Amino acid sequence: MRVYRSVLKLRLVNGLQYRTAALAGVATQFFWGFIIIMVFEAFYEHAAQHLPISLKELIQYIWLQQAFLVFVTIWFRDNELFELITSGNIAYELCRPCGLYGFWYAKLLAQRLSSAILRCFPILMVAYFLPRPYNLILPSNFETFLLFLMGLLLGLFLLVAISMFVYISVFMTMSPMGSLLVFSVLGEFFAGLVIPIPLMPDWLQKLAMVLPFRWTADFPFRVYSGHIPEQEAMIGIAIQLGYLAALIWLGRIALNGALRRVVVQGG
Amino acid sequence: MKLYWKCLLIHLKSQMQYRTSFWLLSLGQFFIPFSVFAGLYFLFERFGQIKGWQFYEVALCFSIIHMSFSISECFARGFDMFSSLVRKGDFDRLLVRPRSTFVQVLGSQFEFTRVGRMLQSLIVFIWALANLSIEWSLLKAATLGLMIASGVLLFTGIYILAATMCFWTVQGLEVANIFTDGGREMAQYPLNIYQKWVTRFFTYVIPFGTVNYIPLLYLLGKINRHELLYMLTPLAGSLFILPCLAVWQFGVRHYRSTGS
């Protein structure tokens, strides 16, 4: 465990170096958030029937999504790992006296975490001070906030576990682009990045509920805005834990299977 | 011009060497905007309309901007990737050749896998047109062509501006993405659904509005005066590329090699 922790720490420090890039990212995401909110505002203006999520809750959802974008996107990746696999340098990694799954997991986790730490605070802060109705508001009570934090953290763990499958699949395909594309298009859609889950048609919502993707980000954001009440949130966190255990277990099996058949060509 | 076609052909041949990878990437390019379009479809299923615009009207808007974007990304890729030329000092090589830098940079890279994205928007385009009852005339058909052409020029202009910035910053600037990706994302809806200041900025400063929103008003019969004026706005929008080219020339004159 200590090894993994130091990998995590090293990577965190490394990731925090890229401050200018993060600043540019913040500007882009800010613009993005505004555009999306304005589109929904226009949609809501003439909406007659009762809607499953209010505009105010939706605005919270969108700002959180922008602030924690790296907790949602599968596209955000570590090219180093891909190169290791395709070039055969994986042999070095196998020599290390620690489990590969945990090692990579810590690496990927740190990457997302450092990127999020750099980006989320400026976005959240500015979003908080925006004029109404565009502003981010604090959750209604402290328990909701705690539940949100827990959900967010578990969601991050879950997302990293999902993204591990992308890397494992490269053992089979040898080219990362294909699986990255499939995973990110499907995963991001069902995590509510294109349109929020509550606004999807019913049959699609049912599908999204079964898949693990919505538990990564959609769930904590809706807990924050109060769209999911506390009681349900508790159950949700239990489901998250279940998914996390299942995915890590499956991931380990898949990785071990892939490693047993790995062929390192000389060179 | 002959040189440009030659560059294009060489790049096409070289990318076709890896045929499977080429088609897979194209397929991927097909699905990225597909999921965005699916989102748009579901939103309309729920809400029915957006500020008086119907689904097929917005779909037309969407397809035009995505088509222009994919064409410009395919052919103006050289400017998009320009920062690497400057950083490695390869731009010096272009300067000593007896041809204009513009053609050389433009011909330095192409991205033909964008054909997938193009195909996706083409399908949406045809689908939208088939479901809209437009009284066709020669002028309207010409307007459609003008819209796409001006969209391509607009995106190219932004790429050139971003590339010119590299002369001073050396590093590529991510901020330019706000205007390319962000602009595309924004202009897939008619511009009048946004706040006034956004509409103004993207009509008069960076003329995304002239690419699809204003001419669409004419095309869909939403206005009944000054039709010719509305029709010709894409031409006005195309003028955007002129200052971009001027800035580029200015940048080239102030270029300092990184020396590596």
# chains A, B, ... in the order shown; residues from 1 in each chain; ligands from 1
>>> interface_residues(of="chain B", to="chain A", cutoff="8 Å", atoms="only C-alpha atoms", output="list of chain:residue names")
B:Leu24, B:Leu25, B:Gly28, B:Phe31, B:Ile32, B:Ser35, B:Val36, B:Gly39, B:Phe42, B:Leu43, B:Glu45, B:Arg46, B:Phe47, B:Gln49, B:Ile50, B:Lys51, B:Leu173, B:Glu174, B:Val175, B:Asn177, B:Ile178, B:Gly182, B:Met186, B:Tyr189, B:Ile193, B:Tyr194, B:Gln195
>>> residues_around(residues="Gln120 (chain B)", least_positions_apart="2", cutoff="8 Å", atoms="only C-alpha atoms", output="number ranges by chain")
B: 30-31, 33-34, 116-118, 122-124
>>> residues_around(residues="Ser108 (chain B)", least_positions_apart="6", cutoff="9 Å", atoms="only C-alpha atoms", output="PyMOL selection string")
chain B and resi 7-8+11+77-79
>>> residues_around(residues="Arg5 (chain A)", least_positions_apart="3", cutoff="12 Å", atoms="only C-alpha atoms", output="ChimeraX atom specification")
/A:1-2,8-12,102-107,109-110
>>> write_last_selection(atoms="C-alpha atoms", output="compact mmCIF listing (two decimals), in the first residue's frame")
# COMPACT_ATOMS: atom_id res chain seq x y z
CA MET A 1 0.00 0.00 0.00
CA ARG A 2 2.87 2.38 0.78
CA LEU A 8 0.12 8.69 -6.16
CA LYS A 9 2.04 11.48 -4.44
CA LEU A 10 4.78 11.71 -7.06
CA ARG A 11 2.30 11.86 -9.89
CA LEU A 12 0.23 14.47 -8.10
CA GLY A 102 -2.60 -1.20 -8.29
CA PHE A 103 0.41 0.59 -9.74
CA TRP A 104 -1.41 1.81 -12.82
CA TYR A 105 -4.54 2.54 -10.85
CA ALA A 106 -2.62 4.86 -8.54
CA LYS A 107 -0.96 6.53 -11.51
CA LEU A 109 -5.95 8.30 -10.16
CA ALA A 110 -3.23 10.85 -9.41
>>> residues_around(residues="region 120-136 of chain A", least_positions_apart="6", cutoff="8 Å", atoms="only C-alpha atoms", output="mmCIF file with N, CA and C atoms, in the first residue's frame")
data_model
loop_
_atom_site.group_PDB
_atom_site.id
_atom_site.type_symbol
_atom_site.label_atom_id
_atom_site.label_comp_id
_atom_site.auth_asym_id
_atom_site.auth_seq_id
_atom_site.Cartn_x
_atom_site.Cartn_y
_atom_site.Cartn_z
ATOM 1 N N VAL A 26 -9.342 26.084 -18.029
ATOM 2 C CA VAL A 26 -10.400 26.719 -17.243
ATOM 3 C C VAL A 26 -11.188 27.690 -18.108
ATOM 4 N N PHE A 30 -15.107 27.341 -19.029
ATOM 5 C CA PHE A 30 -16.010 28.382 -18.589
ATOM 6 C C PHE A 30 -16.920 28.821 -19.711
ATOM 7 N N ILE A 37 -25.461 26.388 -20.714
ATOM 8 C CA ILE A 37 -26.526 26.924 -19.867
ATOM 9 C C ILE A 37 -27.491 27.768 -20.695
ATOM 10 N N LYS A 56 -32.673 25.576 -12.292
ATOM 11 C CA LYS A 56 -31.691 25.898 -11.253
ATOM 12 C C LYS A 56 -30.830 24.682 -10.925
ATOM 13 N N ILE A 59 -28.398 24.093 -13.746
ATOM 14 C CA ILE A 59 -27.237 24.988 -13.774
ATOM 15 C C ILE A 59 -26.167 24.506 -12.794
ATOM 16 N N GLN A 60 -26.592 24.033 -11.610
ATOM 17 C CA GLN A 60 -25.623 23.448 -10.660
ATOM 18 C C GLN A 60 -24.897 22.273 -11.312
ATOM 19 N N TRP A 63 -22.288 23.429 -13.990
ATOM 20 C CA TRP A 63 -21.051 24.005 -13.445
ATOM 21 C C TRP A 63 -20.187 22.933 -12.802
ATOM 22 N N LEU A 64 -20.842 22.019 -12.067
ATOM 23 C CA LEU A 64 -20.068 20.938 -11.449
ATOM 24 C C LEU A 64 -19.418 20.084 -12.517
ATOM 25 N N GLN A 66 -18.480 21.008 -15.485
ATOM 26 C CA GLN A 66 -17.336 21.716 -16.056
ATOM 27 C C GLN A 66 -16.155 21.715 -15.088
ATOM 28 N N ALA A 67 -16.451 21.915 -13.796
ATOM 29 C CA ALA A 67 -15.367 21.982 -12.822
ATOM 30 C C ALA A 67 -14.669 20.632 -12.673
ATOM 31 N N PHE A 68 -15.447 19.567 -12.726
ATOM 32 C CA PHE A 68 -14.873 18.234 -12.524
ATOM 33 C C PHE A 68 -14.878 17.439 -13.818
#
>>> closest_residue(among="A:Asn79, A:Leu244, A:Leu69, A:Met172", to="Asp218 (chain A)", atoms="only C-alpha atoms")
A:Leu69
>>> atom_distance(atom1="CA of Met150 (chain A)", atom2="CA of Arg19 (chain A)")
26.7 Å
>>> select_by_dssp(residues="region 13-127 of chain B", states="helix (DSSP H, G or I)", output="PyMOL selection string")
chain B and resi 13-16+19-47+55-75+77-80+82-88+91-96+101-106+112-127
>>> write_last_selection(atoms="C-alpha atoms", output="PDB file, in the first residue's frame")
ATOM      1  CA  LYS B  13      -1.361   8.620 -50.743  1.00  0.00           C
ATOM      2  CA  SER B  14       0.707   8.461 -47.579  1.00  0.00           C
ATOM      3  CA  GLN B  15      -2.351   8.300 -45.322  1.00  0.00           C
ATOM      4  CA  MET B  16      -3.838   5.599 -47.510  1.00  0.00           C
ATOM      5  CA  ARG B  19      -5.789   1.707 -44.831  1.00  0.00           C
ATOM      6  CA  THR B  20      -7.402  -0.079 -41.886  1.00  0.00           C
ATOM      7  CA  SER B  21      -6.300   2.533 -39.423  1.00  0.00           C
ATOM      8  CA  PHE B  22      -7.571   5.210 -41.784  1.00  0.00           C
ATOM      9  CA  TRP B  23     -11.049   3.751 -42.040  1.00  0.00           C
ATOM     10  CA  LEU B  24     -11.266   3.038 -38.314  1.00  0.00           C
ATOM     11  CA  LEU B  25     -10.328   6.602 -37.464  1.00  0.00           C
ATOM     12  CA  SER B  26     -12.843   7.870 -39.998  1.00  0.00           C
ATOM     13  CA  LEU B  27     -15.478   5.699 -38.401  1.00  0.00           C
ATOM     14  CA  GLY B  28     -14.600   7.159 -35.033  1.00  0.00           C
ATOM     15  CA  GLN B  29     -14.880  10.647 -36.454  1.00  0.00           C
ATOM     16  CA  PHE B  30     -18.339   9.646 -37.596  1.00  0.00           C
ATOM     17  CA  PHE B  31     -19.490   8.726 -34.107  1.00  0.00           C
ATOM     18  CA  ILE B  32     -18.274  11.721 -32.134  1.00  0.00           C
ATOM     19  CA  PRO B  33     -20.700  14.224 -33.669  1.00  0.00           C
ATOM     20  CA  PHE B  34     -23.243  11.435 -33.873  1.00  0.00           C
ATOM     21  CA  SER B  35     -23.598  11.306 -30.110  1.00  0.00           C
ATOM     22  CA  VAL B  36     -23.904  15.100 -30.006  1.00  0.00           C
ATOM     23  CA  PHE B  37     -26.624  14.920 -32.601  1.00  0.00           C
ATOM     24  CA  ALA B  38     -28.387  12.170 -30.681  1.00  0.00           C
ATOM     25  CA  GLY B  39     -28.384  14.473 -27.671  1.00  0.00           C
ATOM     26  CA  LEU B  40     -29.912  17.231 -29.760  1.00  0.00           C
ATOM     27  CA  TYR B  41     -32.591  14.862 -31.022  1.00  0.00           C
ATOM     28  CA  PHE B  42     -33.548  13.742 -27.521  1.00  0.00           C
ATOM     29  CA  LEU B  43     -33.747  17.324 -26.304  1.00  0.00           C
ATOM     30  CA  PHE B  44     -36.170  18.155 -29.075  1.00  0.00           C
ATOM     31  CA  GLU B  45     -38.166  15.054 -28.303  1.00  0.00           C
ATOM     32  CA  ARG B  46     -38.677  16.400 -24.820  1.00  0.00           C
ATOM     33  CA  PHE B  47     -39.048  20.114 -25.449  1.00  0.00           C
ATOM     34  CA  PHE B  55     -36.076  20.260 -34.930  1.00  0.00           C
ATOM     35  CA  TYR B  56     -35.331  20.022 -38.648  1.00  0.00           C
ATOM     36  CA  GLU B  57     -34.443  23.689 -38.854  1.00  0.00           C
ATOM     37  CA  VAL B  58     -31.902  23.308 -36.090  1.00  0.00           C
ATOM     38  CA  ALA B  59     -30.667  20.073 -37.672  1.00  0.00           C
ATOM     39  CA  LEU B  60     -29.918  22.021 -40.837  1.00  0.00           C
ATOM     40  CA  CYS B  61     -28.089  24.623 -38.782  1.00  0.00           C
ATOM     41  CA  PHE B  62     -26.137  21.856 -37.064  1.00  0.00           C
ATOM     42  CA  SER B  63     -25.165  20.086 -40.270  1.00  0.00           C
ATOM     43  CA  ILE B  64     -23.945  23.219 -42.013  1.00  0.00           C
ATOM     44  CA  ILE B  65     -21.596  24.247 -39.235  1.00  0.00           C
ATOM     45  CA  HIS B  66     -20.294  20.709 -38.769  1.00  0.00           C
ATOM     46  CA  MET B  67     -19.699  20.319 -42.481  1.00  0.00           C
ATOM     47  CA  SER B  68     -17.720  23.537 -42.690  1.00  0.00           C
ATOM     48  CA  PHE B  69     -15.782  22.522 -39.609  1.00  0.00           C
ATOM     49  CA  SER B  70     -14.816  19.120 -40.955  1.00  0.00           C
ATOM     50  CA  ILE B  71     -13.761  20.510 -44.332  1.00  0.00           C
ATOM     51  CA  SER B  72     -11.630  23.213 -42.762  1.00  0.00           C
ATOM     52  CA  GLU B  73     -10.090  20.754 -40.312  1.00  0.00           C
ATOM     53  CA  CYS B  74      -9.172  18.499 -43.205  1.00  0.00           C
ATOM     54  CA  PHE B  75      -7.578  21.147 -45.404  1.00  0.00           C
ATOM     55  CA  ARG B  77      -4.749  21.229 -40.607  1.00  0.00           C
ATOM     56  CA  GLY B  78      -1.346  22.717 -41.404  1.00  0.00           C
ATOM     57  CA  PHE B  79      -2.242  25.885 -39.524  1.00  0.00           C
ATOM     58  CA  ASP B  80      -3.823  23.956 -36.705  1.00  0.00           C
ATOM     59  CA  PHE B  82       1.595  25.049 -36.885  1.00  0.00           C
ATOM     60  CA  SER B  83       3.038  25.392 -33.379  1.00  0.00           C
ATOM     61  CA  SER B  84       5.134  22.266 -33.867  1.00  0.00           C
ATOM     62  CA  LEU B  85       6.675  23.776 -37.001  1.00  0.00           C
ATOM     63  CA  VAL B  86       7.772  26.827 -35.072  1.00  0.00           C
ATOM     64  CA  ARG B  87       8.953  24.942 -32.029  1.00  0.00           C
ATOM     65  CA  LYS B  88      11.178  22.625 -34.000  1.00  0.00           C
ATOM     66  CA  PHE B  91       9.563  27.053 -40.311  1.00  0.00           C
ATOM     67  CA  ASP B  92      12.999  28.377 -41.344  1.00  0.00           C
ATOM     68  CA  ARG B  93      13.056  25.798 -44.090  1.00  0.00           C
ATOM     69  CA  LEU B  94       9.785  27.074 -45.476  1.00  0.00           C
ATOM     70  CA  LEU B  95      11.084  30.631 -45.493  1.00  0.00           C
ATOM     71  CA  VAL B  96      14.028  29.940 -47.779  1.00  0.00           C
ATOM     72  CA  THR B 101       4.619  30.618 -46.829  1.00  0.00           C
ATOM     73  CA  PHE B 102       0.850  30.467 -46.843  1.00  0.00           C
ATOM     74  CA  VAL B 103       0.635  27.732 -49.459  1.00  0.00           C
ATOM     75  CA  GLN B 104       3.459  25.803 -47.898  1.00  0.00           C
ATOM     76  CA  VAL B 105       1.970  25.767 -44.402  1.00  0.00           C
ATOM     77  CA  LEU B 106      -1.439  24.948 -45.807  1.00  0.00           C
ATOM     78  CA  PHE B 112      -8.411  13.046 -44.412  1.00  0.00           C
ATOM     79  CA  THR B 113      -9.998  10.993 -41.639  1.00  0.00           C
ATOM     80  CA  ARG B 114     -12.369  13.900 -41.153  1.00  0.00           C
ATOM     81  CA  VAL B 115     -14.325  12.371 -43.984  1.00  0.00           C
ATOM     82  CA  GLY B 116     -16.245  10.455 -41.301  1.00  0.00           C
ATOM     83  CA  ARG B 117     -17.387  13.617 -39.587  1.00  0.00           C
ATOM     84  CA  MET B 118     -18.233  15.059 -42.973  1.00  0.00           C
ATOM     85  CA  LEU B 119     -20.367  12.046 -43.833  1.00  0.00           C
ATOM     86  CA  GLN B 120     -22.260  12.270 -40.572  1.00  0.00           C
ATOM     87  CA  SER B 121     -23.163  15.912 -41.136  1.00  0.00           C
ATOM     88  CA  LEU B 122     -24.002  15.205 -44.760  1.00  0.00           C
ATOM     89  CA  ILE B 123     -26.564  12.616 -43.672  1.00  0.00           C
ATOM     90  CA  VAL B 124     -28.091  15.040 -41.195  1.00  0.00           C
ATOM     91  CA  PHE B 125     -28.058  17.702 -43.904  1.00  0.00           C
ATOM     92  CA  ILE B 126     -29.989  15.575 -46.376  1.00  0.00           C
ATOM     93  CA  TRP B 127     -32.365  14.326 -43.710  1.00  0.00           C
TER      94      TRP B 127
END
>>> residues_around(residues="Leu146 (chain B)", least_positions_apart="4", cutoff="7 Å", atoms="only C-alpha atoms", output="mmCIF file with N, CA and C atoms, in the first residue's frame")
data_model
loop_
_atom_site.group_PDB
_atom_site.id
_atom_site.type_symbol
_atom_site.label_atom_id
_atom_site.label_comp_id
_atom_site.auth_asym_id
_atom_site.auth_seq_id
_atom_site.Cartn_x
_atom_site.Cartn_y
_atom_site.Cartn_z
ATOM 1 N N ALA B 142 -27.898 28.402 -54.127
ATOM 2 C CA ALA B 142 -26.619 29.105 -54.104
ATOM 3 C C ALA B 142 -26.291 29.556 -52.688
ATOM 4 N N SER B 150 -18.427 29.871 -46.694
ATOM 5 C CA SER B 150 -18.010 30.928 -45.769
ATOM 6 C C SER B 150 -17.659 30.334 -44.414
ATOM 7 N N PRO B 234 -23.304 35.579 -46.017
ATOM 8 C CA PRO B 234 -22.133 34.693 -45.969
ATOM 9 C C PRO B 234 -20.925 35.302 -46.674
#
>>> residues_around(residues="Leu153 (chain A)", least_positions_apart="4", cutoff="9 Å", atoms="only C-alpha atoms", output="PyMOL selection string")
chain A and resi 148-149+157-158+216+220
>>> closest_atom_pairs(of="region 179-209 of chain B", to="region 151-159 of chain B", cutoff="10 Å", atoms="only C-alpha atoms", output="CSV")
residue,atom,partner,partner_atom,distance
B:Phe179,CA,B:Ile158,CA,7.2
B:Thr180,CA,B:Phe155,CA,6.5
B:Asp181,CA,B:Phe155,CA,9.7
B:Gly183,CA,B:Phe155,CA,9.0
B:Arg184,CA,B:Phe155,CA,9.0
B:Ile206,CA,B:Leu154,CA,8.1
B:Pro207,CA,B:Leu154,CA,7.6
B:Phe208,CA,B:Gly151,CA,7.6
B:Gly209,CA,B:Gly151,CA,9.9
>>> decode(residues="region 206-239 of chain A", atoms="N, CA and C atoms", output="PDB file, in the first residue's frame")
ATOM      1  N   LYS A 206     -33.473   4.233 -18.466  1.00  0.00           N
ATOM      2  CA  LYS A 206     -33.419   2.890 -17.875  1.00  0.00           C
ATOM      3  C   LYS A 206     -32.090   2.224 -18.216  1.00  0.00           C
ATOM      4  N   LEU A 207     -31.697   2.392 -19.477  1.00  0.00           N
ATOM      5  CA  LEU A 207     -30.424   1.826 -19.925  1.00  0.00           C
ATOM      6  C   LEU A 207     -29.270   2.453 -19.139  1.00  0.00           C
ATOM      7  N   ALA A 208     -29.330   3.761 -18.966  1.00  0.00           N
ATOM      8  CA  ALA A 208     -28.255   4.466 -18.267  1.00  0.00           C
ATOM      9  C   ALA A 208     -28.162   4.029 -16.810  1.00  0.00           C
ATOM     10  N   MET A 209     -29.323   3.705 -16.222  1.00  0.00           N
ATOM     11  CA  MET A 209     -29.326   3.286 -14.825  1.00  0.00           C
ATOM     12  C   MET A 209     -28.587   1.964 -14.636  1.00  0.00           C
ATOM     13  N   VAL A 210     -28.658   1.114 -15.651  1.00  0.00           N
ATOM     14  CA  VAL A 210     -28.029  -0.201 -15.528  1.00  0.00           C
ATOM     15  C   VAL A 210     -26.522  -0.096 -15.713  1.00  0.00           C
ATOM     16  N   LEU A 211     -26.094   0.784 -16.611  1.00  0.00           N
ATOM     17  CA  LEU A 211     -24.669   0.906 -16.897  1.00  0.00           C
ATOM     18  C   LEU A 211     -23.937   1.611 -15.755  1.00  0.00           C
ATOM     19  N   PRO A 212     -22.657   1.337 -15.588  1.00  0.00           N
ATOM     20  CA  PRO A 212     -21.939   1.950 -14.474  1.00  0.00           C
ATOM     21  C   PRO A 212     -21.618   3.430 -14.699  1.00  0.00           C
ATOM     22  N   PHE A 213     -21.703   3.906 -15.951  1.00  0.00           N
ATOM     23  CA  PHE A 213     -21.170   5.235 -16.257  1.00  0.00           C
ATOM     24  C   PHE A 213     -21.839   6.365 -15.488  1.00  0.00           C
ATOM     25  N   ARG A 214     -23.143   6.279 -15.298  1.00  0.00           N
ATOM     26  CA  ARG A 214     -23.806   7.424 -14.667  1.00  0.00           C
ATOM     27  C   ARG A 214     -23.443   7.555 -13.190  1.00  0.00           C
ATOM     28  N   TRP A 215     -22.966   6.479 -12.601  1.00  0.00           N
ATOM     29  CA  TRP A 215     -22.610   6.562 -11.182  1.00  0.00           C
ATOM     30  C   TRP A 215     -21.314   7.316 -10.983  1.00  0.00           C
ATOM     31  N   THR A 216     -20.556   7.545 -12.047  1.00  0.00           N
ATOM     32  CA  THR A 216     -19.284   8.255 -11.883  1.00  0.00           C
ATOM     33  C   THR A 216     -19.513   9.726 -11.588  1.00  0.00           C
ATOM     34  N   ALA A 217     -20.352  10.378 -12.382  1.00  0.00           N
ATOM     35  CA  ALA A 217     -20.439  11.824 -12.233  1.00  0.00           C
ATOM     36  C   ALA A 217     -21.864  12.320 -12.115  1.00  0.00           C
ATOM     37  N   ASP A 218     -22.749  11.736 -12.872  1.00  0.00           N
ATOM     38  CA  ASP A 218     -24.129  12.198 -12.860  1.00  0.00           C
ATOM     39  C   ASP A 218     -24.716  12.127 -11.455  1.00  0.00           C
ATOM     40  N   PHE A 219     -24.433  11.032 -10.774  1.00  0.00           N
ATOM     41  CA  PHE A 219     -25.009  10.820  -9.443  1.00  0.00           C
ATOM     42  C   PHE A 219     -24.568  11.873  -8.405  1.00  0.00           C
ATOM     43  N   PRO A 220     -23.254  12.084  -8.201  1.00  0.00           N
ATOM     44  CA  PRO A 220     -22.874  13.086  -7.208  1.00  0.00           C
ATOM     45  C   PRO A 220     -23.375  14.498  -7.537  1.00  0.00           C
ATOM     46  N   PHE A 221     -23.386  14.861  -8.817  1.00  0.00           N
ATOM     47  CA  PHE A 221     -23.834  16.210  -9.174  1.00  0.00           C
ATOM     48  C   PHE A 221     -25.298  16.416  -8.828  1.00  0.00           C
ATOM     49  N   ARG A 222     -26.077  15.363  -9.001  1.00  0.00           N
ATOM     50  CA  ARG A 222     -27.495  15.515  -8.686  1.00  0.00           C
ATOM     51  C   ARG A 222     -27.740  15.468  -7.187  1.00  0.00           C
ATOM     52  N   VAL A 223     -26.858  14.825  -6.463  1.00  0.00           N
ATOM     53  CA  VAL A 223     -26.963  14.867  -5.004  1.00  0.00           C
ATOM     54  C   VAL A 223     -26.704  16.290  -4.541  1.00  0.00           C
ATOM     55  N   TYR A 224     -25.715  16.930  -5.134  1.00  0.00           N
ATOM     56  CA  TYR A 224     -25.355  18.308  -4.768  1.00  0.00           C
ATOM     57  C   TYR A 224     -26.533  19.244  -4.955  1.00  0.00           C
ATOM     58  N   SER A 225     -27.182  19.144  -6.112  1.00  0.00           N
ATOM     59  CA  SER A 225     -28.255  20.089  -6.395  1.00  0.00           C
ATOM     60  C   SER A 225     -29.540  19.727  -5.664  1.00  0.00           C
ATOM     61  N   GLY A 226     -29.531  18.593  -4.956  1.00  0.00           N
ATOM     62  CA  GLY A 226     -30.723  18.224  -4.208  1.00  0.00           C
ATOM     63  C   GLY A 226     -31.756  17.512  -5.057  1.00  0.00           C
ATOM     64  N   HIS A 227     -31.387  17.202  -6.280  1.00  0.00           N
ATOM     65  CA  HIS A 227     -32.324  16.500  -7.157  1.00  0.00           C
ATOM     66  C   HIS A 227     -32.522  15.059  -6.716  1.00  0.00           C
ATOM     67  N   ILE A 228     -31.473  14.504  -6.096  1.00  0.00           N
ATOM     68  CA  ILE A 228     -31.601  13.179  -5.493  1.00  0.00           C
ATOM     69  C   ILE A 228     -31.635  13.381  -3.978  1.00  0.00           C
ATOM     70  N   PRO A 229     -32.741  12.998  -3.327  1.00  0.00           N
ATOM     71  CA  PRO A 229     -32.840  13.217  -1.881  1.00  0.00           C
ATOM     72  C   PRO A 229     -31.848  12.346  -1.107  1.00  0.00           C
ATOM     73  N   GLU A 230     -31.624  12.730   0.174  1.00  0.00           N
ATOM     74  CA  GLU A 230     -30.561  12.095   0.964  1.00  0.00           C
ATOM     75  C   GLU A 230     -30.739  10.586   1.096  1.00  0.00           C
ATOM     76  N   GLN A 231     -32.006  10.180   1.321  1.00  0.00           N
ATOM     77  CA  GLN A 231     -32.245   8.747   1.493  1.00  0.00           C
ATOM     78  C   GLN A 231     -31.760   7.958   0.288  1.00  0.00           C
ATOM     79  N   GLU A 232     -32.163   8.453  -0.889  1.00  0.00           N
ATOM     80  CA  GLU A 232     -31.776   7.774  -2.119  1.00  0.00           C
ATOM     81  C   GLU A 232     -30.274   7.832  -2.311  1.00  0.00           C
ATOM     82  N   ALA A 233     -29.683   8.943  -1.873  1.00  0.00           N
ATOM     83  CA  ALA A 233     -28.242   9.116  -2.057  1.00  0.00           C
ATOM     84  C   ALA A 233     -27.471   8.042  -1.310  1.00  0.00           C
ATOM     85  N   MET A 234     -27.976   7.693  -0.108  1.00  0.00           N
ATOM     86  CA  MET A 234     -27.321   6.636   0.668  1.00  0.00           C
ATOM     87  C   MET A 234     -27.308   5.325  -0.117  1.00  0.00           C
ATOM     88  N   ILE A 235     -28.478   5.013  -0.686  1.00  0.00           N
ATOM     89  CA  ILE A 235     -28.567   3.785  -1.480  1.00  0.00           C
ATOM     90  C   ILE A 235     -27.621   3.876  -2.667  1.00  0.00           C
ATOM     91  N   GLY A 236     -27.582   5.053  -3.279  1.00  0.00           N
ATOM     92  CA  GLY A 236     -26.721   5.268  -4.435  1.00  0.00           C
ATOM     93  C   GLY A 236     -25.272   4.988  -4.114  1.00  0.00           C
ATOM     94  N   ILE A 237     -24.845   5.460  -2.941  1.00  0.00           N
ATOM     95  CA  ILE A 237     -23.455   5.245  -2.555  1.00  0.00           C
ATOM     96  C   ILE A 237     -23.169   3.756  -2.381  1.00  0.00           C
ATOM     97  N   ALA A 238     -24.166   3.039  -1.860  1.00  0.00           N
ATOM     98  CA  ALA A 238     -23.998   1.585  -1.731  1.00  0.00           C
ATOM     99  C   ALA A 238     -23.836   0.950  -3.106  1.00  0.00           C
ATOM    100  N   ILE A 239     -24.650   1.406  -4.062  1.00  0.00           N
ATOM    101  CA  ILE A 239     -24.550   0.868  -5.419  1.00  0.00           C
ATOM    102  C   ILE A 239     -23.175   1.178  -6.004  1.00  0.00           C
TER     103      ILE A 239
END
